[in-house]
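Shown here: upload39.cif, mmCIF, C-alpha atoms and all ligand atoms.
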```
data_entry
loop_
_atom_site.label_atom_id
_atom_site.label_comp_id
_atom_site.auth_asym_id
_atom_site.auth_seq_id
_atom_site.Cartn_x
_atom_site.Cartn_y
_atom_site.Cartn_z
CA THR A 793 61.12 99.69 183.71
CA GLY A 794 59.29 96.41 184.08
CA MET A 795 55.88 97.95 183.44
CA PHE A 796 55.58 96.87 179.84
CA THR A 797 55.40 93.50 178.18
CA TYR A 798 58.56 92.89 176.21
CA ASP A 799 57.77 91.26 172.87
CA PRO A 800 60.61 91.71 170.38
CA GLY A 801 59.37 91.28 166.82
CA PHE A 802 55.76 91.37 168.14
CA THR A 803 55.48 87.59 167.99
CA SER A 804 52.61 87.56 170.47
CA THR A 805 51.11 91.05 170.47
CA ALA A 806 47.89 91.84 168.59
CA SER A 807 48.13 95.45 167.45
CA CYS A 808 44.55 95.74 166.21
CA GLU A 809 41.25 94.02 165.55
CA SER A 810 40.74 93.13 161.92
CA GLY A 811 38.03 91.48 159.85
CA LEU A 812 40.05 91.20 156.66
CA THR A 813 42.36 88.22 156.72
CA TYR A 814 42.56 85.13 158.89
CA ILE A 815 45.66 82.96 159.15
CA ASP A 816 45.98 79.69 161.03
CA GLY A 817 49.71 79.11 160.78
CA ASP A 818 49.64 75.60 162.24
CA ALA A 819 46.97 74.41 159.83
CA GLY A 820 48.30 76.32 156.80
CA VAL A 821 45.04 78.24 156.37
CA LEU A 822 44.67 81.71 154.82
CA LEU A 823 41.23 83.27 154.41
CA HIS A 824 40.23 86.65 153.01
CA ARG A 825 36.89 87.73 154.48
CA GLY A 826 36.34 84.01 155.11
CA TYR A 827 37.19 82.75 151.62
CA PRO A 828 40.15 80.31 151.30
CA ILE A 829 43.07 81.70 149.30
CA GLY A 830 43.21 78.56 147.11
CA GLN A 831 39.61 79.10 145.94
CA LEU A 832 40.18 82.80 145.34
CA ALA A 833 43.40 82.20 143.37
CA GLU A 834 41.88 79.41 141.26
CA GLN A 835 38.34 80.69 140.73
CA SER A 836 38.20 84.42 141.35
CA SER A 837 40.13 87.34 139.84
CA PHE A 838 42.38 90.00 141.31
CA MET A 839 39.79 92.76 140.71
CA GLU A 840 37.16 90.73 142.52
CA VAL A 841 39.51 90.06 145.44
CA CYS A 842 40.28 93.79 145.63
CA TYR A 843 36.57 94.50 145.88
CA LEU A 844 36.18 91.78 148.51
CA LEU A 845 39.00 93.11 150.66
CA LEU A 846 37.81 96.69 150.44
CA ASN A 847 34.08 96.06 150.86
CA GLY A 848 33.79 92.85 152.84
CA GLU A 849 31.63 90.90 150.38
CA LEU A 850 32.09 89.45 146.90
CA PRO A 851 30.61 91.83 144.31
CA SER A 852 27.56 91.17 142.15
CA ALA A 853 28.27 91.22 138.39
CA LYS A 854 27.15 94.87 138.27
CA GLU A 855 29.21 95.87 141.30
CA LEU A 856 32.27 94.19 139.82
CA ALA A 857 31.77 95.94 136.47
CA ASP A 858 31.36 99.32 138.19
CA PHE A 859 34.37 98.77 140.42
CA THR A 860 36.54 97.65 137.49
CA ASN A 861 35.40 100.68 135.52
CA THR A 862 36.28 103.02 138.40
CA ILE A 863 39.75 101.51 138.78
CA THR A 864 40.27 101.66 135.00
CA ARG A 865 39.36 105.35 134.95
CA HIS A 866 42.04 106.12 137.56
CA THR A 867 44.99 104.38 135.87
CA MET A 868 46.52 107.50 134.31
CA VAL A 869 49.14 109.39 136.30
CA HIS A 870 49.69 113.13 136.06
CA GLU A 871 52.06 113.86 133.19
CA GLN A 872 54.33 115.78 135.56
CA LEU A 873 54.99 112.55 137.41
CA THR A 874 57.12 111.38 134.47
CA ALA A 875 59.68 114.00 135.51
CA PHE A 876 60.12 112.16 138.80
CA PHE A 877 61.30 109.04 137.02
CA ARG A 878 63.75 111.04 134.94
CA GLY A 879 65.35 112.33 138.13
CA PHE A 880 66.54 108.84 139.05
CA ARG A 881 69.65 107.20 137.73
CA ARG A 882 68.65 104.63 135.16
CA ASP A 883 70.29 101.85 137.16
CA ALA A 884 68.38 102.76 140.33
CA HIS A 885 66.63 99.82 141.96
CA PRO A 886 62.96 100.04 140.91
CA MET A 887 61.90 99.69 144.57
CA ALA A 888 63.84 102.87 145.34
CA ILE A 889 61.94 104.53 142.52
CA MET A 890 58.62 103.17 143.82
CA VAL A 891 59.21 104.54 147.32
CA GLY A 892 59.90 107.97 145.84
CA VAL A 893 57.23 108.13 143.16
CA VAL A 894 54.35 106.73 145.24
CA GLY A 895 55.29 109.10 148.07
CA ALA A 896 55.29 111.91 145.50
CA LEU A 897 51.63 111.21 144.69
CA SER A 898 50.84 112.88 148.03
CA ALA A 899 51.87 116.15 146.38
CA PHE A 900 49.32 115.64 143.58
CA TYR A 901 46.18 114.82 145.56
CA HIS A 902 45.59 117.38 148.23
CA ASP A 903 41.96 116.32 148.53
CA SER A 904 43.09 112.99 149.97
CA THR A 905 44.39 114.68 153.08
CA ASP A 906 40.90 114.70 154.59
CA ILE A 907 41.19 111.12 155.80
CA ASN A 908 38.17 111.36 158.08
CA ASP A 909 35.91 111.63 155.04
CA PRO A 910 35.10 108.06 153.88
CA GLU A 911 34.50 109.26 150.33
CA GLN A 912 37.97 110.82 150.15
CA ARG A 913 39.44 107.63 151.57
CA ARG A 914 37.63 105.62 148.91
CA ILE A 915 38.99 107.81 146.13
CA ALA A 916 42.54 107.64 147.51
CA SER A 917 42.23 103.83 147.73
CA HIS A 918 41.00 103.57 144.15
CA ARG A 919 43.75 105.87 142.92
CA LEU A 920 46.43 103.82 144.63
CA ILE A 921 45.18 100.47 143.32
CA ALA A 922 44.73 101.93 139.83
CA LYS A 923 48.03 103.79 139.55
CA MET A 924 50.38 101.18 140.97
CA PRO A 925 50.53 99.13 137.73
CA THR A 926 51.14 102.31 135.73
CA ILE A 927 53.93 103.42 138.07
CA ALA A 928 55.44 99.92 138.26
CA ALA A 929 55.47 99.61 134.46
CA MET A 930 57.01 103.10 134.16
CA ALA A 931 59.77 102.09 136.58
CA TYR A 932 60.51 99.11 134.35
CA LYS A 933 60.41 101.11 131.11
CA TYR A 934 62.72 103.72 132.57
CA SER A 935 65.25 101.07 133.62
CA VAL A 936 65.44 99.60 130.12
CA GLY A 937 65.40 102.95 128.34
CA GLN A 938 62.10 102.43 126.52
CA PRO A 939 59.32 105.01 126.23
CA PHE A 940 56.56 104.95 128.81
CA VAL A 941 53.40 103.23 127.58
CA TYR A 942 50.08 104.79 128.57
CA PRO A 943 47.28 102.74 130.12
CA ARG A 944 44.58 101.39 127.85
CA ASN A 945 40.99 101.33 129.02
CA ASP A 946 39.99 98.42 126.80
CA LEU A 947 42.25 96.03 128.71
CA SER A 948 41.75 94.27 132.01
CA TYR A 949 43.73 95.44 135.04
CA THR A 950 46.34 92.73 134.62
CA ALA A 951 46.50 92.75 130.81
CA ASN A 952 46.88 96.53 130.91
CA PHE A 953 49.82 96.19 133.29
CA LEU A 954 51.52 93.64 131.04
CA ASN A 955 50.92 95.84 128.00
CA MET A 956 52.39 98.92 129.71
CA THR A 957 55.40 96.81 130.75
CA PHE A 958 56.21 94.83 127.64
CA SER A 959 54.79 96.63 124.61
CA VAL A 960 56.87 98.96 122.47
CA PRO A 961 55.49 101.45 119.93
CA ALA A 962 57.25 99.73 117.04
CA GLU A 963 55.14 96.59 117.05
CA GLU A 964 51.94 95.18 118.42
CA TYR A 965 52.37 93.31 121.68
CA LYS A 966 50.34 90.11 121.77
CA ILE A 967 49.01 89.67 125.26
CA ASP A 968 49.16 85.97 126.03
CA PRO A 969 46.07 84.93 128.05
CA ILE A 970 48.20 82.30 129.85
CA VAL A 971 50.50 85.03 131.09
CA VAL A 972 47.57 87.28 132.07
CA ASP A 973 46.03 84.43 134.02
CA ALA A 974 49.28 83.58 135.84
CA MET A 975 49.98 87.21 136.65
CA ASP A 976 46.45 87.68 137.97
CA LYS A 977 46.92 84.64 140.25
CA ILE A 978 50.22 86.02 141.52
CA PHE A 979 48.53 89.34 142.31
CA THR A 980 45.70 87.52 144.11
CA LEU A 981 48.15 85.46 146.17
CA HIS A 982 49.87 88.63 147.37
CA ALA A 983 46.79 90.78 147.99
CA ASP A 984 46.83 90.78 151.79
CA HIS A 985 48.46 88.94 154.66
CA GLU A 986 47.20 90.43 157.93
CA GLN A 987 49.65 92.28 160.17
CA ASN A 988 52.97 91.58 158.41
CA ALA A 989 55.80 94.12 158.68
CA SER A 990 54.81 96.36 155.76
CA THR A 991 51.10 96.35 156.65
CA SER A 992 51.94 97.19 160.26
CA THR A 993 54.15 99.98 158.90
CA VAL A 994 51.25 101.38 156.86
CA ARG A 995 48.96 101.21 159.88
CA LEU A 996 51.51 102.84 162.18
CA ALA A 997 52.26 105.59 159.66
CA GLY A 998 48.54 106.10 159.05
CA SER A 999 47.72 106.18 162.76
CA SER A 1000 49.08 109.72 162.97
CA GLY A 1001 46.63 110.85 160.30
CA ALA A 1002 49.35 111.02 157.63
CA ASN A 1003 48.60 111.31 153.92
CA PRO A 1004 47.66 107.88 152.48
CA PHE A 1005 50.11 108.07 149.57
CA ALA A 1006 52.94 108.75 152.01
CA CYS A 1007 51.76 105.83 154.20
CA ILE A 1008 51.82 103.42 151.25
CA ALA A 1009 55.32 104.68 150.35
CA ALA A 1010 56.35 103.72 153.91
CA GLY A 1011 54.87 100.26 153.34
CA ILE A 1012 56.83 99.90 150.10
CA ALA A 1013 60.05 100.85 151.90
CA CYS A 1014 59.43 98.15 154.51
CA LEU A 1015 58.45 95.53 151.94
CA TRP A 1016 61.75 95.99 150.12
CA GLY A 1017 63.79 94.18 152.80
CA PRO A 1018 65.05 90.65 151.98
CA ALA A 1019 63.37 89.16 155.06
CA HIS A 1020 60.01 90.37 153.67
CA GLY A 1021 58.99 91.11 150.07
CA GLY A 1022 62.59 91.32 148.89
CA ALA A 1023 62.75 87.53 149.40
CA ASN A 1024 61.28 86.76 145.96
CA GLU A 1025 64.18 88.52 144.26
CA ALA A 1026 66.65 86.95 146.69
CA ALA A 1027 65.11 83.49 146.17
CA LEU A 1028 65.49 83.59 142.41
CA ASN A 1029 69.02 84.95 142.65
CA MET A 1030 69.78 82.08 145.01
CA LEU A 1031 68.29 79.47 142.65
CA ARG A 1032 70.32 80.90 139.76
CA GLU A 1033 73.47 80.87 141.89
CA ILE A 1034 72.89 77.22 142.80
CA GLY A 1035 72.30 76.62 139.10
CA THR A 1036 72.37 72.84 139.02
CA VAL A 1037 70.81 70.12 141.17
CA ASP A 1038 74.19 68.67 142.19
CA ARG A 1039 75.11 71.88 144.04
CA ILE A 1040 72.03 71.84 146.29
CA PRO A 1041 73.62 69.91 149.20
CA GLU A 1042 76.31 72.58 149.52
CA TYR A 1043 73.64 75.27 150.00
CA ILE A 1044 71.57 73.13 152.36
CA ALA A 1045 74.70 72.69 154.49
CA ARG A 1046 75.30 76.43 154.49
CA ALA A 1047 71.69 77.15 155.54
CA LYS A 1048 72.10 74.76 158.48
CA ASN A 1049 75.45 76.17 159.56
CA LYS A 1050 74.88 78.66 162.40
CA ASP A 1051 78.24 80.37 161.68
CA ASP A 1052 77.09 81.16 158.16
CA PRO A 1053 74.48 83.94 157.88
CA PHE A 1054 73.11 82.34 154.69
CA ARG A 1055 69.43 81.33 154.76
CA LEU A 1056 67.41 79.51 152.17
CA MET A 1057 65.49 82.39 150.65
CA GLY A 1058 61.81 81.68 150.08
CA PHE A 1059 61.86 79.30 153.05
CA GLY A 1060 60.38 79.75 156.49
CA HIS A 1061 57.66 82.00 157.80
CA ARG A 1062 56.85 83.72 161.07
CA VAL A 1063 53.31 82.41 161.10
CA TYR A 1064 53.12 79.33 158.85
CA LYS A 1065 54.56 76.33 160.65
CA ASN A 1066 52.91 73.68 158.50
CA TYR A 1067 52.98 75.03 154.96
CA ASP A 1068 52.24 78.30 153.22
CA PRO A 1069 48.97 77.74 151.28
CA ARG A 1070 50.08 80.38 148.78
CA ALA A 1071 53.19 78.34 147.96
CA THR A 1072 51.02 75.37 146.98
CA VAL A 1073 49.13 77.39 144.35
CA MET A 1074 52.35 79.07 143.27
CA GLN A 1075 54.15 75.78 142.63
CA LYS A 1076 51.23 74.49 140.57
CA THR A 1077 51.07 77.75 138.60
CA ALA A 1078 54.82 77.63 137.95
CA LYS A 1079 54.50 74.14 136.51
CA ASP A 1080 51.51 75.17 134.34
CA VAL A 1081 53.07 78.35 133.03
CA LEU A 1082 56.41 76.77 132.16
CA GLU A 1083 54.65 73.94 130.36
CA LYS A 1084 52.22 76.16 128.48
CA LEU A 1085 54.85 78.70 127.49
CA GLY A 1086 57.24 75.90 126.55
CA VAL A 1087 59.92 77.38 128.79
CA ASN A 1088 62.49 74.89 129.95
CA ASP A 1089 64.20 76.63 132.81
CA PRO A 1090 66.54 74.42 134.85
CA ILE A 1091 65.95 76.56 137.93
CA PHE A 1092 62.47 75.07 138.25
CA ASP A 1093 64.10 71.65 138.66
CA VAL A 1094 66.57 73.14 141.13
CA ALA A 1095 63.64 74.65 143.09
CA LYS A 1096 61.66 71.41 143.19
CA GLU A 1097 64.69 69.35 144.20
CA LEU A 1098 65.75 71.88 146.83
CA GLU A 1099 62.25 71.77 148.28
CA GLN A 1100 62.31 67.97 148.43
CA ILE A 1101 65.72 67.79 150.05
CA ALA A 1102 64.87 70.47 152.61
CA LEU A 1103 61.51 68.93 153.47
CA ASN A 1104 63.25 65.66 154.31
CA ASP A 1105 66.08 67.20 156.30
CA PRO A 1106 65.83 67.04 160.12
CA TYR A 1107 66.96 70.68 160.47
CA PHE A 1108 64.09 72.01 158.36
CA ILE A 1109 61.60 69.50 159.80
CA GLU A 1110 62.45 70.43 163.37
CA LYS A 1111 62.31 74.17 162.73
CA LYS A 1112 59.14 73.76 160.67
CA LEU A 1113 60.58 75.52 157.62
CA TYR A 1114 58.56 75.21 154.42
CA PRO A 1115 58.61 77.05 151.09
CA ASN A 1116 56.76 80.34 151.34
CA VAL A 1117 54.96 82.44 148.71
CA ASP A 1118 58.26 83.79 147.43
CA PHE A 1119 59.88 80.45 146.64
CA TYR A 1120 58.16 79.71 143.32
CA SER A 1121 56.89 83.13 142.26
CA GLY A 1122 60.27 84.09 140.83
CA VAL A 1123 60.31 81.06 138.55
CA ILE A 1124 57.02 82.23 136.99
CA LEU A 1125 57.96 85.91 136.81
CA SER A 1126 61.23 85.03 135.19
CA ALA A 1127 59.47 82.86 132.59
CA ILE A 1128 57.14 85.78 131.84
CA GLY A 1129 60.18 87.97 131.20
CA PHE A 1130 60.57 90.13 134.31
CA PRO A 1131 64.08 90.90 135.53
CA THR A 1132 64.61 89.96 139.20
CA GLU A 1133 64.73 93.64 140.28
CA MET A 1134 61.05 93.91 139.34
CA PHE A 1135 59.86 91.01 141.52
CA THR A 1136 59.37 92.98 144.71
CA VAL A 1137 57.73 95.78 142.74
CA LEU A 1138 55.07 93.29 141.62
CA PHE A 1139 54.58 92.25 145.23
CA ALA A 1140 54.10 95.92 146.18
CA LEU A 1141 51.62 96.40 143.35
CA ALA A 1142 49.52 93.47 144.53
CA ARG A 1143 49.83 94.23 148.25
CA THR A 1144 48.60 97.79 147.76
CA VAL A 1145 44.99 96.67 148.07
CA GLY A 1146 45.77 94.98 151.39
CA TRP A 1147 47.54 98.07 152.63
CA VAL A 1148 44.71 100.43 151.73
CA ALA A 1149 42.01 98.06 153.01
CA GLN A 1150 43.84 97.77 156.35
CA TRP A 1151 44.40 101.53 156.45
CA ASN A 1152 40.68 102.14 155.84
CA GLU A 1153 39.72 99.60 158.47
CA MET A 1154 42.03 101.25 160.98
CA ILE A 1155 40.70 104.74 160.39
CA SER A 1156 37.07 103.59 160.60
CA ASP A 1157 37.77 101.75 163.88
CA PRO A 1158 36.42 103.74 166.85
CA ALA A 1159 39.21 102.25 169.01
CA GLN A 1160 41.86 103.72 166.69
CA LYS A 1161 44.63 105.72 168.38
CA ILE A 1162 48.04 106.82 167.27
CA GLY A 1163 50.41 103.82 167.44
CA ARG A 1164 52.89 104.45 170.19
CA PRO A 1165 54.86 101.40 171.42
CA ARG A 1166 56.68 101.64 174.73
CA GLN A 1167 60.14 100.25 175.56
CA LEU A 1168 62.27 98.73 178.26
CA TYR A 1169 64.95 101.32 178.88
CA THR A 1170 68.50 99.90 179.10
CA GLY A 1171 70.59 103.10 179.02
CA PRO A 1172 72.41 104.88 181.87
CA THR A 1173 70.54 106.13 184.92
CA GLN A 1174 70.42 109.88 185.51
CA ARG A 1175 73.85 111.58 185.77
CA ASP A 1176 75.20 115.11 185.73
CA TYR A 1177 76.56 116.86 182.69
CA VAL A 1178 80.36 117.28 182.64
CA ALA A 1179 81.89 120.22 180.74
CA VAL A 1180 84.01 119.19 177.75
CA ASP A 1181 87.33 120.34 179.30
CA LYS A 1182 86.64 118.11 182.33
CA ARG A 1183 86.08 114.89 180.34
N1 LIG B 1 67.00 79.07 156.17
C1 LIG B 1 67.68 78.52 157.21
N2 LIG B 1 67.30 78.63 158.48
C2 LIG B 1 66.20 79.36 158.76
C3 LIG B 1 65.45 79.95 157.74
C4 LIG B 1 65.88 79.79 156.41
N3 LIG B 1 65.20 80.35 155.41
N4 LIG B 1 64.40 80.61 158.29
C5 LIG B 1 64.49 80.43 159.62
N5 LIG B 1 65.58 79.65 159.91
C6 LIG B 1 66.00 79.21 161.25
C7 LIG B 1 66.64 80.33 162.02
O1 LIG B 1 68.04 80.34 161.85
C8 LIG B 1 66.24 80.03 163.43
O2 LIG B 1 67.09 79.00 163.92
P1 LIG B 1 67.47 78.96 165.50
O3 LIG B 1 66.17 78.76 166.22
O4 LIG B 1 68.40 77.81 165.59
O5 LIG B 1 68.14 80.29 165.79
C9 LIG B 1 64.85 79.42 163.29
O6 LIG B 1 64.80 78.87 161.97
C10 LIG B 1 63.72 80.43 163.47
O7 LIG B 1 63.97 81.55 162.61
P2 LIG B 1 63.66 83.04 163.01
O8 LIG B 1 64.48 83.94 162.16
O9 LIG B 1 63.77 83.21 164.50
O10 LIG B 1 62.12 83.11 162.61
P3 LIG B 1 61.29 84.40 162.24
O11 LIG B 1 59.88 84.06 162.43
O12 LIG B 1 61.84 85.60 162.96
O13 LIG B 1 61.65 84.62 160.68
C11 LIG B 1 61.56 84.67 158.33
C12 LIG B 1 60.81 84.35 159.63
C13 LIG B 1 60.58 84.58 157.15
C14 LIG B 1 62.10 86.11 158.38
C15 LIG B 1 62.72 83.66 158.14
O14 LIG B 1 62.20 82.36 158.03
C16 LIG B 1 63.62 84.00 156.96
O15 LIG B 1 64.54 84.81 157.07
N6 LIG B 1 63.35 83.38 155.73
C17 LIG B 1 64.06 83.70 154.56
C18 LIG B 1 63.52 84.98 153.95
C19 LIG B 1 62.15 84.78 153.32
O16 LIG B 1 61.91 83.86 152.58
N7 LIG B 1 61.22 85.73 153.60
C20 LIG B 1 59.89 85.74 153.02
C21 LIG B 1 58.81 85.52 154.03
S1 LIG B 1 57.18 85.21 153.31
C22 LIG B 1 56.75 86.60 152.37
C23 LIG B 1 56.99 87.90 152.99
O17 LIG B 1 56.85 88.09 154.20
O18 LIG B 1 57.27 88.84 152.28
#
```
Since I need it in another form, could you write the structure as structure tokens?
Amino acid sequence: TGMFTYDPGFTSTASCESGLTYIDGDAGVLLHRGYPIGQLAEQSSFMEVCYLLLNGELPSAKELADFTNTITRHTMVHEQLTAFFRGFRRDAHPMAIMVGVVGALSAFYHDSTDINDPEQRRIASHRLIAKMPTIAAMAYKYSVGQPFVYPRNDLSYTANFLNMTFSVPAEEYKIDPIVVDAMDKIFTLHADHEQNASTSTVRLAGSSGANPFACIAAGIACLWGPAHGGANEAALNMLREIGTVDRIPEYIARAKNKDDPFRLMGFGHRVYKNYDPRATVMQKTAKDVLEKLGVNDPIFDVAKELEQIALNDPYFIEKKLYPNVDFYSGVILSAIGFPTEMFTVLFALARTVGWVAQWNEMISDPAQKIGRPRQLYTGPTQRDYVAVDKR
């Protein structure tokens, strides 16, 4: 049984070669196709980053316009898909709905089953990136009992998503450019993150040749967990529970107490041991958005104070625990008007491009094989069956 390397949690096993995303966890560096995440979040746009991840290079103006147009033309979902939503209880968690509805897309696009055809893969990728905002907004609308809002081709990817989420037929929804800009940054910051749990799930599911929509549904299921994408929802719930700055020490003490399972949500990362470069942009964006929208939410003060106290505490210093991408995102999303249940959905929406880019890369890789980890067996050695009346 000692033939295999034992690496629980895959902390030191590379499962693939990849040219998409580079992370140096000690230096706090994150690059997509070589470009630093800070520059992309501040200067680029989510559509451009999608193109970059999928194609390897930044687009020319014409390429970007064509790509945006293609994505825009795929935003509608089949009308029959609305019946799927209606099958869920209204109080269902929107991530449960996402797992089901995105998986259901596999029943609508039979042409996408030919995954060895690059053109079919491209179309499936475009469909997924285009339809996620529509499906995410429908999940929200369903939960609040409002009519679904159809996509609009005159709006940008991000503005269209906000319109489908927040507009109601009764009155015109004014799309605030500040909100569009913040949302676009949040999408960019979540676009890809090399071989994290959900991406590895998508690759493993896809390695058998499975339908891409089903593979992305598997990724969404994995992302939902509180140790992964579910942390943004958990982080905001935690900040609200703390409520006021004077209660922070109590929660810091709990996080340090090994007998208490409580962890500071939005803190710590498997790879980043210096800081999470996404958190830096996120904190700045949170400050900007709250100021510009004139929102005075005390949880932002709680978040900043909690960060300061933790960063100066020997426990967090020694374990190299810093705020991650999920720590401040909730503050912004909440100011924009999203309920906490939607936070992980937004993460899934943005991460879809990373998932499909990684899936494409895997399938085009000549070294690609079905993923098949081995194990160290710890069960009984061989023994003979005993009839039930003899046991
Ligand atoms: N609060 C308190 N202690 C912590 C925390 C935390 N948030 N994170 C790690 N630790 C401690 C942990 O108890 C352990 O201590 P010891 O060595 O004494 O047993 C040590 O730090 C190492 O933790 P680990 O769980 O072995 O590290 P990991 O690499 O397996 O876990 C993590 C990484 C992100 C799952 C973890 O830090 C965590 O649970 N954080 C809170 C959840 C969270 O914010 N997740 C979002 C991650 S970033 C975005 C995403 O992936 O979706």
Out of A:Ile1008, A:Ile967, A:Val1081, A:Val821, which residue has the shortest atom-to-atom distance to Trp1151 of chain A when counting only C-alpha atoms?
-> A:Ile1008
Leaving out Thr874 of chain A and any residue of its chain fewer than 3 positions from it, which residues lie within 12 Å of it when counting only C-alpha atoms, given as an NGL selection string?
-> :A and (868-871 or 877-880 or 889 or 893 or 896-897 or 926-927 or 929-931 or 933-934 or 939-942)
So which residues are near ligand LIG 1 (chain B), meaning at most 6 Å away with only C-alpha atoms and all ligand atoms counted, given back as a compact mmCIF listing (two decimals) with C-alpha atoms, in the frame of the given file?
```
# COMPACT_ATOMS: atom_id res chain seq x y z
CA ALA A 1019 63.37 89.16 155.06
CA HIS A 1020 60.01 90.37 153.67
CA GLY A 1021 58.99 91.11 150.07
CA ALA A 1023 62.75 87.53 149.40
CA ALA A 1047 71.69 77.15 155.54
CA LYS A 1048 72.10 74.76 158.48
CA ARG A 1055 69.43 81.33 154.76
CA LEU A 1056 67.41 79.51 152.17
CA MET A 1057 65.49 82.39 150.65
CA GLY A 1058 61.81 81.68 150.08
CA PHE A 1059 61.86 79.30 153.05
CA GLY A 1060 60.38 79.75 156.49
CA HIS A 1061 57.66 82.00 157.80
CA ARG A 1062 56.85 83.72 161.07
CA LYS A 1111 62.31 74.17 162.73
CA ASN A 1116 56.76 80.34 151.34
CA VAL A 1117 54.96 82.44 148.71
CA ASP A 1118 58.26 83.79 147.43
```
Would you write out, as a tab-separated table, a table of all residues in segment 839-909 of chain A that have an atom no more than 8 Å from an atom of segment 1124-1138 of chain A, listing for each the closest atom pair and the distance in Å to one decimal, considering all atoms listed in the file and ordering rows by chain and rising residue number?
```
residue	atom	partner	partner_atom	distance
A:His885	CA	A:Glu1133	CA	6.7
A:Pro886	CA	A:Met1134	CA	6.6
A:Met887	CA	A:Val1137	CA	6.0
A:Met890	CA	A:Val1137	CA	7.5
```
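Across the structure, atom CA of Arg825 of chain A and atom CA of Leu845 of chain A are spaced 6.9 Å apart.
Closest approach to Tyr901 of chain A from the set A:Ala1006, A:Ala1078, A:Leu832, A:Ala853 is made by A:Ala1006, with distances taken over only C-alpha atoms.
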Given 5 Å of margin on each side, can you work out the centre and size in Å (one decimal) of an axis-aligned box holding every listed atom of segment 1041-1044 of chain A, as lines of an AutoDock Vina configuration file?
```
center_x = 73.9
center_y = 72.6
center_z = 150.8
size_x = 14.7
size_y = 15.4
size_z = 13.2
```
Local residues around (43.9, 108.3, 158.3), at most 9 Å away, using all atoms listed in the file, as a PDB file with C-alpha atoms, in the frame of the given file:
```
ATOM      1  CA  THR A 905      44.390 114.680 153.080  1.00  0.00           C
ATOM      2  CA  ASP A 906      40.900 114.700 154.590  1.00  0.00           C
ATOM      3  CA  ILE A 907      41.190 111.120 155.800  1.00  0.00           C
ATOM      4  CA  ASN A 908      38.170 111.360 158.080  1.00  0.00           C
ATOM      5  CA  ARG A 913      39.440 107.630 151.570  1.00  0.00           C
ATOM      6  CA  ARG A 995      48.960 101.210 159.880  1.00  0.00           C
ATOM      7  CA  ALA A 997      52.260 105.590 159.660  1.00  0.00           C
ATOM      8  CA  GLY A 998      48.540 106.100 159.050  1.00  0.00           C
ATOM      9  CA  SER A 999      47.720 106.180 162.760  1.00  0.00           C
ATOM     10  CA  SER A1000      49.080 109.720 162.970  1.00  0.00           C
ATOM     11  CA  GLY A1001      46.630 110.850 160.300  1.00  0.00           C
ATOM     12  CA  ALA A1002      49.350 111.020 157.630  1.00  0.00           C
ATOM     13  CA  ASN A1003      48.600 111.310 153.920  1.00  0.00           C
ATOM     14  CA  PRO A1004      47.660 107.880 152.480  1.00  0.00           C
ATOM     15  CA  TRP A1151      44.400 101.530 156.450  1.00  0.00           C
ATOM     16  CA  ASN A1152      40.680 102.140 155.840  1.00  0.00           C
ATOM     17  CA  MET A1154      42.030 101.250 160.980  1.00  0.00           C
ATOM     18  CA  ILE A1155      40.700 104.740 160.390  1.00  0.00           C
ATOM     19  CA  SER A1156      37.070 103.590 160.600  1.00  0.00           C
TER      20      SER A1156
END
```
Distance atom CA of Cys1014 of chain A-atom CA of Met795 of chain A, one decimal place?
-> 29.1 Å
Distance of atom CA of Phe838 of chain A from atom CA of Ser990 of chain A, expressed in Å to one decimal place = 20.1 Å
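The residue set within 9 Å of Thr980 of chain A, counting all atoms listed in the file and dropping same-chain residues fewer than 6 places from it, reads Ile829, Leu832, Ala833, Ser836, Ser837, Phe838, Met839, Val841, Cys842, Ala1142 and Arg1143 of chain A.
Using only C-alpha atoms, the smallest distance between any of A:Pro969, A:Pro1115, A:Pro1069, A:Leu1031 and Phe1092 of chain A comes from A:Leu1031.
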Fewer than 3 positions away in the same chain doesn't count, so skip those; otherwise give me all residues within 8 Å of Val1094 of chain A, counting only C-alpha atoms, as number ranges by chain.
-> A: 1031, 1034-1037, 1040, 1090-1091, 1097-1098
All residues 8 Å or closer to Phe953 of chain A, all atoms listed in the file, same chain fewer than 2 positions away omitted, as a PyMOL selection string | chain A and resi 925-926+929+943+949-951+955-957
Could you pull the residues within 12 Å of segment 855-860 of chain A, counting all atoms listed in the file, minus those fewer than 4 positions along the same chain, as a ChimeraX atom specification?
-> /A:836-844,846-847,849-851,864-867,914-915,917-918,921-922,945-950
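Nearest to Ala806 of chain A of all the residues A:Asn988, A:Asp973, A:Leu981, A:Ala1095 is A:Asn988, counting only C-alpha atoms.
Closest to Leu823 of chain A among A:Ala962, A:Asp984, A:Lys923, A:Phe802 is A:Asp984, based on all atoms listed in the file.
Each of A:Ile1109, A:Val994, A:Val1073, A:Ile978 was checked against Gln831 of chain A using all atoms listed in the file; the smallest atom-to-atom distance is that of A:Val1073.
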